[in-house]
>>> print(open('start_33.txt').read())   # compact mmCIF, C-alpha atoms
# COMPACT_ATOMS: atom_id res chain seq x y z
CA MET A 19 41.11 120.10 26.64
CA LYS A 20 40.45 119.44 22.96
CA ARG A 21 43.46 118.39 20.94
CA GLY A 22 45.04 120.81 18.54
CA LEU A 23 44.53 120.86 14.79
CA PHE A 24 46.96 118.87 12.64
CA VAL A 25 47.58 120.45 9.22
CA THR A 26 49.87 119.03 6.55
CA PHE A 27 51.17 120.27 3.21
CA GLU A 28 51.98 118.02 0.25
CA GLY A 29 53.36 118.50 -3.25
CA VAL A 30 56.48 118.17 -5.33
CA GLU A 31 59.59 120.27 -4.71
CA GLY A 32 59.32 123.94 -5.56
CA VAL A 33 55.56 124.39 -5.18
CA GLY A 34 55.87 126.62 -2.10
CA LYS A 35 54.86 124.25 0.69
CA SER A 36 57.35 125.64 3.19
CA THR A 37 56.35 129.22 2.44
CA GLN A 38 52.63 128.49 2.81
CA ALA A 39 53.11 126.43 5.96
CA ASP A 40 55.04 129.29 7.53
CA LEU A 41 52.45 131.90 6.51
CA LEU A 42 49.61 129.81 7.93
CA ALA A 43 51.46 129.26 11.21
CA GLN A 44 52.14 132.97 11.60
CA ARG A 45 48.52 133.96 10.87
CA ILE A 46 46.95 131.39 13.18
CA SER A 47 49.30 132.47 15.95
CA SER A 48 48.77 136.20 15.50
CA GLU A 49 45.07 136.45 14.54
CA LEU A 50 43.62 133.50 16.44
CA GLU A 51 46.08 133.65 19.33
CA VAL A 52 46.60 129.89 19.24
CA GLU A 53 49.93 128.24 19.98
CA VAL A 54 51.39 126.73 16.82
CA VAL A 55 54.29 124.39 16.13
CA LEU A 56 55.72 124.47 12.61
CA THR A 57 57.66 121.37 11.63
CA ARG A 58 58.73 119.28 8.64
CA GLU A 59 59.30 115.75 7.40
CA PRO A 60 61.63 114.08 7.33
CA GLY A 61 62.82 115.95 10.40
CA GLY A 62 61.35 117.75 13.36
CA THR A 63 63.37 116.01 16.09
CA GLU A 64 67.08 115.53 16.59
CA LEU A 65 66.99 111.90 15.49
CA ALA A 66 64.65 112.56 12.57
CA GLU A 67 66.91 115.37 11.32
CA GLN A 68 69.89 113.00 11.43
CA LEU A 69 67.93 110.45 9.42
CA ARG A 70 66.95 113.20 6.98
CA THR A 71 70.60 113.91 6.36
CA LEU A 72 71.32 110.23 5.76
CA VAL A 73 68.52 109.99 3.21
CA LEU A 74 69.00 113.27 1.35
CA GLU A 75 72.72 113.92 1.16
CA HIS A 76 74.37 112.98 -2.13
CA ARG A 77 76.89 110.59 -0.66
CA SER A 78 73.95 108.42 0.42
CA SER A 79 73.23 107.51 -3.22
CA ILE A 80 73.99 103.85 -2.50
CA VAL A 81 70.97 103.62 -0.16
CA SER A 82 68.49 101.12 -1.58
CA ASP A 83 64.86 102.07 -2.16
CA ARG A 84 63.59 99.88 0.68
CA THR A 85 66.25 101.19 3.04
CA GLU A 86 65.26 104.74 2.12
CA ALA A 87 61.61 103.96 2.88
CA LEU A 88 62.42 102.45 6.26
CA LEU A 89 64.63 105.41 7.21
CA MET A 90 61.80 107.76 6.31
CA ALA A 91 59.39 105.71 8.40
CA ALA A 92 61.77 105.69 11.36
CA ALA A 93 62.05 109.48 11.15
CA ARG A 94 58.24 109.75 11.14
CA ALA A 95 57.89 107.45 14.14
CA ASP A 96 60.26 109.59 16.21
CA HIS A 97 58.67 112.81 14.97
CA VAL A 98 55.13 111.72 15.85
CA ALA A 99 56.07 110.28 19.25
CA LYS A 100 58.27 113.13 20.44
CA LEU A 101 56.83 116.26 18.82
CA ILE A 102 53.52 115.93 16.99
CA TYR A 103 51.38 113.89 19.38
CA PRO A 104 52.60 115.63 22.58
CA ASN A 105 51.76 119.04 21.16
CA LEU A 106 48.38 118.02 19.75
CA ARG A 107 47.39 116.53 23.11
CA LYS A 108 48.02 119.80 24.91
CA GLY A 109 45.94 121.77 22.41
CA THR A 110 48.76 123.14 20.26
CA TYR A 111 48.21 123.31 16.51
CA VAL A 112 50.82 121.44 14.47
CA ILE A 113 51.57 122.45 10.89
CA CYS A 114 53.80 120.02 9.03
CA ASP A 115 55.60 120.42 5.71
CA ARG A 116 55.04 116.87 4.33
CA PHE A 117 53.70 113.81 6.10
CA ALA A 118 52.52 110.32 5.12
CA GLY A 119 51.30 111.49 1.72
CA SER A 120 54.85 112.21 0.63
CA PHE A 121 55.90 108.74 1.75
CA LEU A 122 53.35 107.12 -0.54
CA ALA A 123 53.98 109.53 -3.43
CA TYR A 124 57.78 109.35 -3.40
CA GLN A 125 58.58 105.88 -2.11
CA GLY A 126 55.47 104.31 -3.65
CA TYR A 127 54.71 105.98 -6.96
CA GLY A 128 58.22 107.39 -7.42
CA ARG A 129 60.34 104.41 -6.35
CA GLY A 130 57.79 101.80 -7.34
CA LEU A 131 57.53 100.12 -3.94
CA ASP A 132 54.33 98.32 -3.01
CA LEU A 133 51.73 100.85 -1.90
CA GLU A 134 49.83 98.53 0.43
CA THR A 135 53.04 97.63 2.26
CA LEU A 136 54.03 101.28 2.53
CA ALA A 137 50.59 102.19 3.86
CA LEU A 138 50.95 99.61 6.62
CA ILE A 139 54.47 100.82 7.46
CA THR A 140 53.49 104.49 7.72
CA HIS A 141 50.32 103.65 9.68
CA PHE A 142 52.52 101.89 12.23
CA ALA A 143 55.19 104.61 12.21
CA SER A 144 52.64 107.41 12.72
CA ASP A 145 50.76 105.51 15.44
CA ALA A 146 47.60 105.77 13.29
CA LEU A 147 47.73 109.60 13.33
CA GLU A 148 45.89 111.26 10.43
CA PRO A 149 45.93 114.97 9.52
CA ASP A 150 42.76 116.96 10.08
CA ILE A 151 43.38 118.66 6.73
CA THR A 152 45.96 118.19 4.01
CA PHE A 153 46.70 120.86 1.42
CA TYR A 154 47.99 119.50 -1.87
CA LEU A 155 49.73 122.28 -3.78
CA LYS A 156 49.52 121.09 -7.35
CA SER A 157 51.97 122.14 -10.05
CA ASP A 158 53.68 120.78 -13.12
CA PRO A 159 56.83 119.14 -11.69
CA GLU A 160 59.17 120.66 -14.28
CA TYR A 161 57.83 124.16 -13.63
CA ALA A 162 58.08 123.64 -9.88
CA MET A 163 61.68 122.48 -10.07
CA ARG A 164 62.62 125.48 -12.24
CA ARG A 165 61.08 127.75 -9.60
CA LYS A 166 63.05 126.02 -6.88
CA GLY A 167 66.47 126.47 -8.48
CA GLY A 168 69.64 126.26 -6.39
CA GLU A 169 71.41 123.12 -5.22
CA ARG A 170 69.46 119.90 -5.13
CA ASP A 171 69.64 117.03 -2.66
CA ARG A 172 69.67 113.36 -3.61
CA ILE A 173 65.91 113.08 -4.10
CA GLU A 174 65.56 116.46 -5.81
CA SER A 175 68.18 115.26 -8.31
CA GLN A 176 66.04 112.38 -9.58
CA THR A 177 64.87 112.07 -13.19
CA HIS A 178 61.95 113.73 -14.92
CA GLU A 179 60.22 110.33 -15.07
CA PHE A 180 60.55 109.96 -11.29
CA PHE A 181 58.90 113.32 -10.60
CA SER A 182 56.23 112.70 -13.20
CA ASN A 183 55.34 109.47 -11.38
CA VAL A 184 55.36 111.29 -8.02
CA SER A 185 53.08 114.01 -9.39
CA ASN A 186 50.64 111.47 -10.82
CA GLY A 187 50.71 109.65 -7.51
CA TYR A 188 49.87 112.83 -5.65
CA ASP A 189 46.89 113.37 -7.95
CA GLU A 190 45.54 109.90 -7.14
CA LEU A 191 46.18 110.25 -3.42
CA ALA A 192 44.48 113.65 -3.32
CA LEU A 193 41.32 112.20 -4.82
CA ALA A 194 41.34 109.10 -2.65
CA HIS A 195 41.89 110.98 0.60
CA ARG A 196 39.90 114.13 -0.25
CA TRP A 197 42.80 116.51 0.23
CA VAL A 198 42.28 120.19 -0.52
CA THR A 199 43.90 120.59 -3.93
CA LEU A 200 45.06 124.09 -4.81
CA ASP A 201 46.76 125.45 -7.92
CA ALA A 202 50.28 126.40 -6.82
CA SER A 203 50.91 128.59 -9.88
CA GLY A 204 48.97 131.55 -8.49
CA SER A 205 50.31 134.31 -6.29
CA ILE A 206 51.59 133.57 -2.78
CA GLU A 207 48.94 135.86 -1.32
CA GLU A 208 46.00 134.27 -3.17
CA LEU A 209 47.16 130.80 -2.26
CA HIS A 210 47.55 131.76 1.39
CA GLU A 211 44.04 133.22 1.56
CA ALA A 212 42.56 130.01 0.15
CA ILE A 213 44.54 127.93 2.65
CA PHE A 214 43.52 130.07 5.61
CA ALA A 215 39.84 130.02 4.59
CA ASN A 216 39.84 126.22 4.32
CA THR A 217 41.61 125.93 7.66
CA LEU A 218 38.93 128.01 9.36
CA VAL A 219 36.22 125.76 7.94
CA VAL A 220 37.92 122.67 9.31
CA MET A 221 38.43 124.32 12.71
CA GLN A 222 34.71 125.04 12.92
CA SER A 223 33.59 121.62 11.71
CA TYR A 224 35.91 119.74 14.06
CA GLY A 225 35.13 122.03 16.98
CA VAL A 226 38.81 122.36 17.78
CA LYS A 227 40.10 125.00 20.12
>>> encode(input="start_33.txt", output="structure tokens")
Amino acid sequence: MKRGLFVTFEGVEGVGKSTQADLLAQRISSELEVEVVLTREPGGTELAEQLRTLVLEHRSSIVSDRTEALLMAAARADHVAKLIYPNLRKGTYVICDRFAGSFLAYQGYGRGLDLETLALITHFASDALEPDITFYLKSDPEYAMRRKGGERDRIESQTHEFFSNVSNGYDELALAHRWVTLDASGSIEELHEAIFANTLVVMQSYGVK
């Protein structure tokens, strides 16, 4: 049995990653009749969700940048070992809202931690797993945050400079790793069609189920 497709979504808060990940999962399941698991990072398993709470809740503001990075990596390690890899190996498609790209963009470019060290940490945490395709939903960070609205967690409450650095980091990562970069300012429907079309191309080229 061929392993399932691993699709990830990246971008700053408010660009619509969760919405697009959900739409893609529903369409693959209904039209292609393929089993799909929709998940997120940090999170996806009981332990990873607990670590997510530790990192994102406001009372965790005393967490140092390196501690935050290691908690994120621990959440990824549990997520990959318990949910992502087992499903991929049985042919299930896995669609993930954020993955290693966010780690490098936020903890690297945003927090200013050493990128080479972070790359080694996340490579170890993810057991060398790489997405088959990553969609980078690109948007001006200020516009994206205005769209998001509502209450903000500890990371969403960071400064404009922080999110500007994260956004610039995403741009560099997208070029370096050949992510599919899409303008997130368009309609939900247009963006979904572009995502689905690119996913079909990857499915054919990889010869996945």
>>> atom_distance(input="start_33.txt", atom1="atom CA of A:Glu53", atom2="atom CA of A:Gly22")
9.0 Å
>>> closest_atom_pairs(input="start_33.txt", of="stretch 26-109 of chain A", to="stretch 185-188 of chain A", cutoff="10 Å", atoms="all atoms listed in the file", output="CSV")
residue,atom,partner,partner_atom,distance
A:Glu28,CA,A:Tyr188,CA,8.1
A:Gly29,CA,A:Tyr188,CA,7.1
A:Val30,CA,A:Ser185,CA,6.7
>>> atom_distance(input="start_33.txt", atom1="atom CA of A:Ala194", atom2="atom CA of A:Glu31")
21.5 Å
>>> atom_distance(input="start_33.txt", atom1="atom CA of A:His210", atom2="atom CA of A:Phe153")
10.9 Å
>>> closest_residue(input="start_33.txt", among="A:Asp145, A:Asp83, A:Glu134, A:Glu59", to="A:Arg116", atoms="only C-alpha atoms")
A:Glu59
>>> closest_residue(input="start_33.txt", among="A:Val25, A:His97, A:Thr135, A:Leu89", to="A:Gln38", atoms="all atoms listed in the file")
A:Val25
>>> closest_residue(input="start_33.txt", among="A:Leu155, A:Ile206, A:Leu218, A:Ala137", to="A:Leu41", atoms="only C-alpha atoms")
A:Ile206
>>> residues_near_point(input="start_33.txt", point="(51.2, 113.6, 22.4)", cutoff="12 Å", atoms="all atoms listed in the file", output="compact mmCIF listing (two decimals) with C-alpha atoms, keeping the file's coordinate frame")
# COMPACT_ATOMS: atom_id res chain seq x y z
CA ARG A 21 43.46 118.39 20.94
CA GLY A 22 45.04 120.81 18.54
CA PHE A 24 46.96 118.87 12.64
CA ASP A 96 60.26 109.59 16.21
CA HIS A 97 58.67 112.81 14.97
CA VAL A 98 55.13 111.72 15.85
CA ALA A 99 56.07 110.28 19.25
CA LYS A 100 58.27 113.13 20.44
CA LEU A 101 56.83 116.26 18.82
CA ILE A 102 53.52 115.93 16.99
CA TYR A 103 51.38 113.89 19.38
CA PRO A 104 52.60 115.63 22.58
CA ASN A 105 51.76 119.04 21.16
CA LEU A 106 48.38 118.02 19.75
CA ARG A 107 47.39 116.53 23.11
CA LYS A 108 48.02 119.80 24.91
CA GLY A 109 45.94 121.77 22.41
CA THR A 110 48.76 123.14 20.26
CA TYR A 111 48.21 123.31 16.51
CA VAL A 112 50.82 121.44 14.47
CA SER A 144 52.64 107.41 12.72
CA ASP A 145 50.76 105.51 15.44
CA LEU A 147 47.73 109.60 13.33
>>> residues_around(input="start_33.txt", residues="A:Gly61", least_positions_apart="3", cutoff="12 Å", atoms="all atoms listed in the file", output="PDB file with C-alpha atoms, keeping the file's coordinate frame")
ATOM      1  CA  LEU A  56      55.720 124.470  12.610  1.00  0.00           C
ATOM      2  CA  THR A  57      57.660 121.370  11.630  1.00  0.00           C
ATOM      3  CA  ARG A  58      58.730 119.280   8.640  1.00  0.00           C
ATOM      4  CA  GLU A  64      67.080 115.530  16.590  1.00  0.00           C
ATOM      5  CA  LEU A  65      66.990 111.900  15.490  1.00  0.00           C
ATOM      6  CA  ALA A  66      64.650 112.560  12.570  1.00  0.00           C
ATOM      7  CA  GLU A  67      66.910 115.370  11.320  1.00  0.00           C
ATOM      8  CA  GLN A  68      69.890 113.000  11.430  1.00  0.00           C
ATOM      9  CA  LEU A  69      67.930 110.450   9.420  1.00  0.00           C
ATOM     10  CA  ARG A  70      66.950 113.200   6.980  1.00  0.00           C
ATOM     11  CA  THR A  71      70.600 113.910   6.360  1.00  0.00           C
ATOM     12  CA  LEU A  72      71.320 110.230   5.760  1.00  0.00           C
ATOM     13  CA  VAL A  73      68.520 109.990   3.210  1.00  0.00           C
ATOM     14  CA  LEU A  74      69.000 113.270   1.350  1.00  0.00           C
ATOM     15  CA  LEU A  89      64.630 105.410   7.210  1.00  0.00           C
ATOM     16  CA  MET A  90      61.800 107.760   6.310  1.00  0.00           C
ATOM     17  CA  ALA A  91      59.390 105.710   8.400  1.00  0.00           C
ATOM     18  CA  ALA A  92      61.770 105.690  11.360  1.00  0.00           C
ATOM     19  CA  ALA A  93      62.050 109.480  11.150  1.00  0.00           C
ATOM     20  CA  ARG A  94      58.240 109.750  11.140  1.00  0.00           C
ATOM     21  CA  ALA A  95      57.890 107.450  14.140  1.00  0.00           C
ATOM     22  CA  ASP A  96      60.260 109.590  16.210  1.00  0.00           C
ATOM     23  CA  HIS A  97      58.670 112.810  14.970  1.00  0.00           C
ATOM     24  CA  VAL A  98      55.130 111.720  15.850  1.00  0.00           C
ATOM     25  CA  LYS A 100      58.270 113.130  20.440  1.00  0.00           C
ATOM     26  CA  LEU A 101      56.830 116.260  18.820  1.00  0.00           C
ATOM     27  CA  ILE A 102      53.520 115.930  16.990  1.00  0.00           C
ATOM     28  CA  CYS A 114      53.800 120.020   9.030  1.00  0.00           C
ATOM     29  CA  ASP A 115      55.600 120.420   5.710  1.00  0.00           C
ATOM     30  CA  ARG A 116      55.040 116.870   4.330  1.00  0.00           C
ATOM     31  CA  PHE A 117      53.700 113.810   6.100  1.00  0.00           C
TER      32      PHE A 117
END
>>> closest_residue(input="start_33.txt", among="A:Asp158, A:Asp132, A:Asp171, A:Glu190", to="A:Val33", atoms="all atoms listed in the file")
A:Asp158
>>> closest_residue(input="start_33.txt", among="A:Leu193, A:Leu133, A:Val55, A:Met221", to="A:Ile113", atoms="only C-alpha atoms")
A:Val55
>>> closest_residue(input="start_33.txt", among="A:Gly34, A:Val184, A:Leu138, A:Pro159", to="A:Gly204", atoms="only C-alpha atoms")
A:Gly34
>>> residues_around(input="start_33.txt", residues="A:Ala87", least_positions_apart="5", cutoff="9 Å", atoms="only C-alpha atoms", output="PDB file with C-alpha atoms, in the coordinates of the input")
ATOM      1  CA  SER A  82      68.490 101.120  -1.580  1.00  0.00           C
ATOM      2  CA  ALA A  92      61.770 105.690  11.360  1.00  0.00           C
ATOM      3  CA  PHE A 121      55.900 108.740   1.750  1.00  0.00           C
ATOM      4  CA  GLN A 125      58.580 105.880  -2.110  1.00  0.00           C
ATOM      5  CA  GLY A 126      55.470 104.310  -3.650  1.00  0.00           C
ATOM      6  CA  LEU A 131      57.530 100.120  -3.940  1.00  0.00           C
ATOM      7  CA  LEU A 136      54.030 101.280   2.530  1.00  0.00           C
TER       8      LEU A 136
END
>>> decode(input="start_33.txt", residues="stretch 84-100 of chain A", atoms="N, CA and C atoms", output="short mmCIF file (atom, residue, chain, number, x, y, z; two decimals), in the first residue's frame")
data_model
loop_
_atom_site.label_atom_id
_atom_site.label_comp_id
_atom_site.auth_asym_id
_atom_site.auth_seq_id
_atom_site.Cartn_x
_atom_site.Cartn_y
_atom_site.Cartn_z
N ARG A 84 13.50 30.06 24.04
CA ARG A 84 14.03 28.71 23.82
C ARG A 84 13.10 27.65 24.40
N THR A 85 12.52 27.95 25.56
CA THR A 85 11.56 27.01 26.14
C THR A 85 10.36 26.85 25.22
N GLU A 86 9.86 27.96 24.69
CA GLU A 86 8.74 27.92 23.76
C GLU A 86 9.07 27.03 22.56
N ALA A 87 10.27 27.19 22.01
CA ALA A 87 10.67 26.41 20.85
C ALA A 87 10.72 24.92 21.17
N LEU A 88 11.24 24.58 22.33
CA LEU A 88 11.35 23.17 22.70
C LEU A 88 9.98 22.56 23.00
N LEU A 89 9.07 23.34 23.56
CA LEU A 89 7.70 22.85 23.78
C LEU A 89 7.01 22.60 22.45
N MET A 90 7.21 23.50 21.49
CA MET A 90 6.65 23.31 20.16
C MET A 90 7.21 22.04 19.51
N ALA A 91 8.50 21.84 19.66
CA ALA A 91 9.13 20.66 19.07
C ALA A 91 8.63 19.38 19.73
N ALA A 92 8.44 19.42 21.04
CA ALA A 92 7.92 18.24 21.74
C ALA A 92 6.52 17.91 21.26
N ALA A 93 5.70 18.95 21.06
CA ALA A 93 4.35 18.73 20.54
C ALA A 93 4.40 18.10 19.16
N ARG A 94 5.33 18.56 18.32
CA ARG A 94 5.45 17.99 16.96
C ARG A 94 5.90 16.53 17.02
N ALA A 95 6.83 16.22 17.89
CA ALA A 95 7.32 14.85 18.00
C ALA A 95 6.19 13.89 18.35
N ASP A 96 5.35 14.28 19.30
CA ASP A 96 4.23 13.42 19.70
C ASP A 96 3.20 13.32 18.58
N HIS A 97 2.95 14.43 17.93
CA HIS A 97 1.98 14.50 16.84
C HIS A 97 2.38 13.59 15.68
N VAL A 98 3.64 13.68 15.28
CA VAL A 98 4.14 12.87 14.16
C VAL A 98 4.12 11.39 14.52
N ALA A 99 4.58 11.06 15.72
CA ALA A 99 4.70 9.65 16.12
C ALA A 99 3.35 8.98 16.32
N LYS A 100 2.39 9.71 16.88
CA LYS A 100 1.13 9.09 17.25
C LYS A 100 0.00 9.26 16.23
#
